[in-house]
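Okay, upload_6.cif is below, mmCIF, C-alpha atoms:
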data_structure
loop_
_atom_site.label_atom_id
_atom_site.label_comp_id
_atom_site.auth_asym_id
_atom_site.auth_seq_id
_atom_site.Cartn_x
_atom_site.Cartn_y
_atom_site.Cartn_z
CA MET U 1 -0.90 -10.67 -17.08
CA ILE U 2 1.38 -10.77 -14.03
CA GLN U 3 0.17 -12.58 -10.95
CA ALA U 4 0.06 -10.40 -7.89
CA ARG U 5 1.84 -11.62 -4.77
CA PHE U 6 0.28 -11.11 -1.38
CA CYS U 7 2.13 -10.91 1.86
CA PHE U 8 2.15 -9.83 5.46
CA ILE U 9 4.59 -7.35 6.89
CA LYS U 10 6.18 -8.80 10.00
CA LYS U 11 5.71 -7.16 13.37
CA GLN U 12 9.48 -6.56 13.56
CA TYR U 13 9.26 -4.02 10.73
CA PHE U 14 6.96 -1.79 12.78
CA ILE U 15 9.15 -2.25 15.86
CA ASP U 16 12.28 -1.33 13.87
CA HIS U 17 10.59 1.70 12.27
CA PRO U 18 8.63 3.44 15.06
CA HIS U 19 8.92 6.83 13.30
CA LEU U 20 6.25 5.89 10.73
CA ILE U 21 3.17 7.98 11.36
CA ASN U 22 0.96 7.56 8.29
CA ILE U 23 0.32 3.87 8.74
CA LEU U 24 -2.82 1.89 9.26
CA ASP U 25 -3.54 0.85 12.84
CA PRO U 26 -0.72 2.87 14.47
CA GLY U 27 0.37 1.36 17.78
CA ASN U 28 -1.40 -1.95 17.11
CA LEU U 29 1.47 -4.26 16.16
CA ASP U 30 -0.70 -7.38 16.06
CA LYS U 31 -3.18 -5.86 13.64
CA GLN U 32 -0.42 -4.29 11.52
CA SER U 33 1.33 -7.60 11.04
CA LYS U 34 -1.91 -9.40 10.10
CA ARG U 35 -2.98 -6.91 7.42
CA THR U 36 -2.69 -8.23 3.87
CA TYR U 37 -0.51 -6.18 1.53
CA LEU U 38 -0.20 -6.45 -2.20
CA CYS U 39 3.41 -6.76 -3.25
CA ILE U 40 4.07 -4.81 -6.41
CA GLU U 41 7.59 -4.46 -7.61
CA ILE U 42 7.90 -1.28 -9.58
CA ILE U 43 10.98 0.48 -10.84
CA LEU U 44 10.94 3.68 -8.85
CA GLN U 45 14.44 4.21 -7.58
CA ASP U 46 14.72 0.42 -7.17
CA ASN U 47 12.11 0.22 -4.40
CA THR U 48 9.51 -2.43 -3.66
CA ILE U 49 6.09 -1.02 -2.87
CA TYR U 50 3.56 -2.72 -0.58
CA ILE U 51 -0.03 -1.52 -0.80
CA PRO U 52 -2.43 -2.45 2.02
CA LEU U 53 -5.92 -3.76 1.48
CA ARG U 54 -8.58 -1.93 3.46
CA ASN U 55 -12.07 -3.13 4.27
CA ASN U 56 -13.46 0.36 3.77
CA LEU U 57 -11.51 2.31 1.19
CA GLY U 58 -14.48 4.50 0.40
CA ALA U 59 -14.44 6.32 -2.92
CA PRO U 60 -11.09 5.53 -4.60
CA VAL U 61 -11.22 8.86 -6.42
CA ARG U 62 -11.76 12.00 -4.37
CA LYS U 63 -12.05 15.61 -5.50
CA PHE U 64 -8.29 15.96 -4.98
CA GLY U 65 -7.28 12.82 -6.85
CA LYS U 66 -7.00 9.05 -6.88
CA ILE U 67 -6.24 7.53 -3.47
CA GLY U 68 -6.67 3.85 -4.19
CA PHE U 69 -8.10 1.06 -6.27
CA SER U 70 -11.51 -0.46 -5.56
CA VAL U 71 -11.44 -4.22 -4.91
CA PRO U 72 -14.93 -5.13 -3.69
CA SER U 73 -16.06 -8.52 -2.48
CA SER U 74 -19.52 -9.77 -1.58
CA ARG U 75 -18.81 -9.26 2.14
CA ARG U 76 -16.76 -6.06 1.74
CA PRO U 77 -18.23 -3.92 -1.06
CA ASP U 78 -16.08 -0.89 -0.14
CA ALA U 79 -12.76 -2.75 0.07
CA GLY U 80 -9.76 -1.63 -1.88
CA LEU U 81 -6.04 -0.95 -2.12
CA ALA U 82 -5.07 2.17 -0.17
CA TYR U 83 -2.34 4.05 -2.04
CA ARG U 84 -2.11 6.62 0.78
CA TYR U 85 -0.80 3.98 3.16
CA CYS U 86 1.68 2.19 0.93
CA LEU U 87 5.02 1.17 2.36
CA ILE U 88 8.42 0.98 0.73
CA ILE U 89 10.32 -1.99 2.13
CA ASN U 90 13.43 -3.21 0.41
CA ASP U 91 14.48 -5.86 2.92
CA GLU U 92 12.54 -9.10 2.53
CA LYS U 93 13.38 -10.14 6.09
CA TYR U 94 10.30 -8.09 7.03
CA ILE U 95 8.02 -9.85 4.55
CA GLU U 96 6.10 -13.07 5.05
CA PHE U 97 4.42 -14.81 2.14
CA PRO U 98 1.46 -16.99 3.19
CA ASN U 99 1.32 -20.60 2.02
CA THR U 100 -2.31 -20.26 1.02
CA GLN U 101 -4.32 -17.53 -0.63
CA LYS U 102 -5.91 -15.35 2.05
CA LEU U 103 -8.21 -13.34 -0.23
CA PRO U 104 -11.56 -14.29 -1.72
CA ASN U 105 -11.19 -15.36 -5.34
CA SER U 106 -13.27 -12.38 -6.48
CA GLN U 107 -10.77 -9.89 -5.01
CA TYR U 108 -7.77 -11.89 -6.13
CA ASN U 109 -9.10 -11.97 -9.70
CA ILE U 110 -9.82 -8.22 -9.75
CA ILE U 111 -6.28 -7.44 -8.62
CA ASN U 112 -4.68 -9.87 -11.05
CA TYR U 113 -6.77 -8.64 -13.97
CA ASN U 114 -5.94 -4.99 -13.14
CA HIS U 115 -2.32 -5.50 -12.06
CA ASP U 116 -0.88 -3.28 -14.83
CA THR U 117 -3.37 -0.50 -14.05
CA ILE U 118 -2.60 -0.67 -10.33
CA LYS U 119 1.12 -0.61 -11.03
CA ARG U 120 0.73 2.45 -13.28
CA GLU U 121 -1.50 4.25 -10.78
CA ILE U 122 0.77 3.67 -7.79
CA SER U 123 3.75 4.89 -9.83
CA GLU U 124 1.85 8.07 -10.71
CA TYR U 125 0.76 8.49 -7.11
CA LEU U 126 4.31 8.19 -5.79
CA LYS U 127 5.68 10.61 -8.40
CA LYS U 128 3.12 13.20 -7.29
CA TYR U 129 4.05 12.62 -3.66
CA VAL U 130 7.76 13.08 -4.38
CA LYS U 131 6.99 16.26 -6.33
CA ALA U 132 4.97 17.62 -3.40
CA ALA U 133 7.71 16.62 -0.93
CA LYS U 134 10.38 18.45 -2.96
CA LYS U 135 8.24 21.58 -2.68
CA LYS U 136 7.79 20.92 1.05
CA ARG U 137 4.07 20.51 0.40
CA HIS U 138 3.79 16.82 1.24
CA MET U 139 2.28 17.47 4.67
CA ILE U 140 -0.28 19.85 3.15
CA GLU U 141 -1.01 17.36 0.40
CA ASP U 142 -0.95 14.58 2.98
CA ARG U 143 -4.02 15.96 4.65
CA LYS U 144 -5.72 15.96 1.28
CA SER U 145 -4.63 12.84 -0.48
CA THR U 146 -1.04 11.67 -0.30
CA ARG U 147 0.66 9.59 2.33
CA LEU U 148 3.81 7.59 1.94
CA ASN U 149 5.82 5.59 4.40
CA SER U 150 9.33 4.48 3.85
CA SER U 151 12.22 3.23 5.85
CA HIS U 152 14.38 4.77 3.10
CA LYS U 153 14.61 8.47 2.37
#
Kindly present the structure from the file in structure tokens form.
Amino acid sequence: MIQARFCFIKKQYFIDHPHLINILDPGNLDKQSKRTYLCIEIILQDNTIYIPLRNNLGAPVRKFGKIGFSVPSSRRPDAGLAYRYCLIINDEKYIEFPNTQKLPNSQYNIINYNHDTIKREISEYLKKYVKAAKKKRHMIEDRKSTRLNSSHK
């Protein structure tokens, strides 16, 4: 089992990339830079994927597909990883790793235990997004289920 790494994305990233539209808390730099992201390094064109944790993911599987991974806690039963709002950031100058664990142990353990599943699911999600984008359907699909942000095209 691989231990997941958690991080924050620095405010400067959002300043340097104002074109991002499918992000959580658009226009709120303070909130964006305080949101916890799960750092998963997957081999998908040598990119590093950051998946945000949301307090209210809702149903992780919708009629149009899987949009996230449920990571409930006692205080946040609907929390989870939001695949639709993942970011691709390949420059670690934008990443800050906290000195202490910022998640409840219950959530941390769920993510660590399911790390391989999450990694596989986000890879599948991104492949479907790329396929839709190549067909110029990513904006149509975006309204349904897929969102991807990247500073790299």
Contact residues around Phe8 in chain U with all atoms listed in the file at 7 Å, ignoring same-chain residues under 4 positions, as a PyMOL selection string:
chain U and resi 33-37+95-97
Selection result for the PyMOL selection byres ((chain U and resi 101-112) around 12) on this file, as number ranges by chain
U: 1-8, 34-40, 51, 53-55, 69-81, 97-100, 113-119
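Relative to CA of Ile49 in chain U, CA of Leu87 in chain U is found at 5.8 Å.
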Can you give me, as a PDB file with C-alpha atoms, in the coordinates of the input, the residues this file yields under the PyMOL selection byres ((chain U and resi 48) around 6)?
ATOM      1  CA  GLU U  41       7.590  -4.460  -7.610  1.00  0.00           C
ATOM      2  CA  ASN U  47      12.110   0.220  -4.400  1.00  0.00           C
ATOM      3  CA  ILE U  49       6.090  -1.020  -2.870  1.00  0.00           C
ATOM      4  CA  ILE U  88       8.420   0.980   0.730  1.00  0.00           C
ATOM      5  CA  ILE U  89      10.320  -1.990   2.130  1.00  0.00           C
ATOM      6  CA  ASN U  90      13.430  -3.210   0.410  1.00  0.00           C
TER       7      ASN U  90
END
Neighbouring residues of Tyr125 in chain U were defined as those with any atom within 9 Å, considering all atoms listed in the file; residues of the same chain fewer than 5 positions away were excluded. Please report them as a PyMOL selection string.
chain U and resi 66-67+83-84+120+130+146
Considering all atoms listed in the file, return as a ChimeraX atom specification whatever protein or nucleic-acid residues lie within 10 Å of Ile15 in chain U, sequence-local ones (same chain, fewer than 4 positions apart) excluded.
/U:10-11,19,27,29
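Straight-line separation from CA of Asp91 in chain U to CA of Lys31 in chain U: 20.7 Å.
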Compare U:Cys86, U:Tyr94, U:Lys131, U:Glu121 by their minimum atom-to-atom distance to Phe14 in chain U, counting all atoms listed in the file, and give me the closest one.
U:Tyr94
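Atom pair CA of Ile9 in chain U / CA of Tyr129 in chain U has a distance of 22.6 Å (rounded to one decimal).
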Taking into account all atoms listed in the file, which residue in the set U:Gly68, U:His17, U:Gln32, U:Lys93 is nearest to Glu124 in chain U?
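Once distances to Glu124 in chain U are computed over all atoms listed in the file, the minimum belongs to U:Gly68.
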Write out all heavy atoms for range 47-58 of chain U, as an mmCIF file, in the coordinates of the input.
data_model
loop_
_atom_site.group_PDB
_atom_site.id
_atom_site.type_symbol
_atom_site.label_atom_id
_atom_site.label_comp_id
_atom_site.auth_asym_id
_atom_site.auth_seq_id
_atom_site.Cartn_x
_atom_site.Cartn_y
_atom_site.Cartn_z
ATOM 1 N N ASN U 47 12.838 0.512 -5.637
ATOM 2 C CA ASN U 47 12.110 0.220 -4.400
ATOM 3 C C ASN U 47 10.986 -0.760 -4.650
ATOM 4 O O ASN U 47 10.421 -0.810 -5.738
ATOM 5 C CB ASN U 47 11.527 1.518 -3.825
ATOM 6 C CG ASN U 47 12.603 2.439 -3.310
ATOM 7 O OD1 ASN U 47 13.431 2.040 -2.509
ATOM 8 N ND2 ASN U 47 12.606 3.664 -3.789
ATOM 9 N N THR U 48 10.652 -1.526 -3.624
ATOM 10 C CA THR U 48 9.510 -2.430 -3.660
ATOM 11 C C THR U 48 8.392 -1.804 -2.847
ATOM 12 O O THR U 48 8.589 -1.426 -1.693
ATOM 13 C CB THR U 48 9.877 -3.809 -3.084
ATOM 14 O OG1 THR U 48 11.005 -4.317 -3.810
ATOM 15 C CG2 THR U 48 8.712 -4.779 -3.212
ATOM 16 N N ILE U 49 7.235 -1.700 -3.466
ATOM 17 C CA ILE U 49 6.090 -1.020 -2.870
ATOM 18 C C ILE U 49 5.096 -2.069 -2.369
ATOM 19 O O ILE U 49 4.783 -3.030 -3.068
ATOM 20 C CB ILE U 49 5.389 -0.132 -3.923
ATOM 21 C CG1 ILE U 49 6.379 0.769 -4.644
ATOM 22 C CG2 ILE U 49 4.240 0.633 -3.296
ATOM 23 C CD1 ILE U 49 7.156 1.712 -3.781
ATOM 24 N N TYR U 50 4.579 -1.847 -1.169
ATOM 25 C CA TYR U 50 3.560 -2.720 -0.580
ATOM 26 C C TYR U 50 2.323 -1.872 -0.323
ATOM 27 O O TYR U 50 2.387 -0.867 0.377
ATOM 28 C CB TYR U 50 4.073 -3.329 0.721
ATOM 29 C CG TYR U 50 5.266 -4.226 0.488
ATOM 30 C CD1 TYR U 50 6.567 -3.727 0.512
ATOM 31 C CD2 TYR U 50 5.085 -5.564 0.194
ATOM 32 C CE1 TYR U 50 7.652 -4.537 0.265
ATOM 33 C CE2 TYR U 50 6.170 -6.390 -0.063
ATOM 34 C CZ TYR U 50 7.446 -5.869 -0.022
ATOM 35 O OH TYR U 50 8.522 -6.676 -0.280
ATOM 36 N N ILE U 51 1.210 -2.280 -0.895
ATOM 37 C CA ILE U 51 -0.030 -1.520 -0.800
ATOM 38 C C ILE U 51 -1.011 -2.314 0.072
ATOM 39 O O ILE U 51 -1.332 -3.453 -0.239
ATOM 40 C CB ILE U 51 -0.657 -1.296 -2.186
ATOM 41 C CG1 ILE U 51 0.366 -0.693 -3.141
ATOM 42 C CG2 ILE U 51 -1.893 -0.407 -2.076
ATOM 43 C CD1 ILE U 51 -0.089 -0.701 -4.589
ATOM 44 N N PRO U 52 -1.515 -1.710 1.155
ATOM 45 C CA PRO U 52 -2.430 -2.450 2.020
ATOM 46 C C PRO U 52 -3.847 -2.529 1.452
ATOM 47 O O PRO U 52 -4.297 -1.628 0.749
ATOM 48 C CB PRO U 52 -2.426 -1.636 3.312
ATOM 49 C CG PRO U 52 -2.164 -0.247 2.861
ATOM 50 C CD PRO U 52 -1.221 -0.385 1.671
ATOM 51 N N LEU U 53 -4.504 -3.607 1.784
ATOM 52 C CA LEU U 53 -5.920 -3.760 1.480
ATOM 53 C C LEU U 53 -6.705 -3.245 2.681
ATOM 54 O O LEU U 53 -6.371 -3.551 3.821
ATOM 55 C CB LEU U 53 -6.258 -5.238 1.263
ATOM 56 C CG LEU U 53 -5.736 -5.834 -0.023
ATOM 57 C CD1 LEU U 53 -5.751 -7.347 0.054
ATOM 58 C CD2 LEU U 53 -6.570 -5.361 -1.188
ATOM 59 N N ARG U 54 -7.727 -2.451 2.395
ATOM 60 C CA ARG U 54 -8.580 -1.930 3.460
ATOM 61 C C ARG U 54 -9.987 -2.455 3.255
ATOM 62 O O ARG U 54 -10.447 -2.613 2.128
ATOM 63 C CB ARG U 54 -8.609 -0.408 3.435
ATOM 64 C CG ARG U 54 -7.248 0.192 3.737
ATOM 65 C CD ARG U 54 -7.354 1.642 4.015
ATOM 66 N NE ARG U 54 -7.939 1.840 5.345
ATOM 67 C CZ ARG U 54 -8.259 3.017 5.827
ATOM 68 N NH1 ARG U 54 -8.064 4.100 5.104
ATOM 69 N NH2 ARG U 54 -8.780 3.136 7.031
ATOM 70 N N ASN U 55 -10.679 -2.691 4.355
ATOM 71 C CA ASN U 55 -12.070 -3.130 4.270
ATOM 72 C C ASN U 55 -12.982 -2.010 3.793
ATOM 73 O O ASN U 55 -13.994 -2.251 3.162
ATOM 74 C CB ASN U 55 -12.567 -3.623 5.628
ATOM 75 C CG ASN U 55 -11.931 -4.930 6.016
ATOM 76 O OD1 ASN U 55 -11.535 -5.704 5.153
ATOM 77 N ND2 ASN U 55 -11.803 -5.169 7.299
ATOM 78 N N ASN U 56 -12.624 -0.767 4.138
ATOM 79 C CA ASN U 56 -13.460 0.360 3.770
ATOM 80 C C ASN U 56 -12.603 1.462 3.159
ATOM 81 O O ASN U 56 -12.251 2.433 3.825
ATOM 82 C CB ASN U 56 -14.216 0.884 4.992
ATOM 83 C CG ASN U 56 -15.228 1.943 4.625
ATOM 84 O OD1 ASN U 56 -15.519 2.152 3.448
ATOM 85 N ND2 ASN U 56 -15.771 2.617 5.613
ATOM 86 N N LEU U 57 -12.291 1.307 1.908
ATOM 87 C CA LEU U 57 -11.510 2.310 1.190
ATOM 88 C C LEU U 57 -12.340 3.557 0.959
ATOM 89 O O LEU U 57 -11.834 4.665 0.966
ATOM 90 C CB LEU U 57 -11.023 1.746 -0.154
ATOM 91 C CG LEU U 57 -10.259 2.706 -1.061
ATOM 92 C CD1 LEU U 57 -8.957 3.133 -0.396
ATOM 93 C CD2 LEU U 57 -9.991 2.063 -2.398
ATOM 94 N N GLY U 58 -13.639 3.370 0.784
ATOM 95 C CA GLY U 58 -14.480 4.500 0.400
ATOM 96 C C GLY U 58 -14.290 4.755 -1.082
ATOM 97 O O GLY U 58 -13.848 3.891 -1.826
#
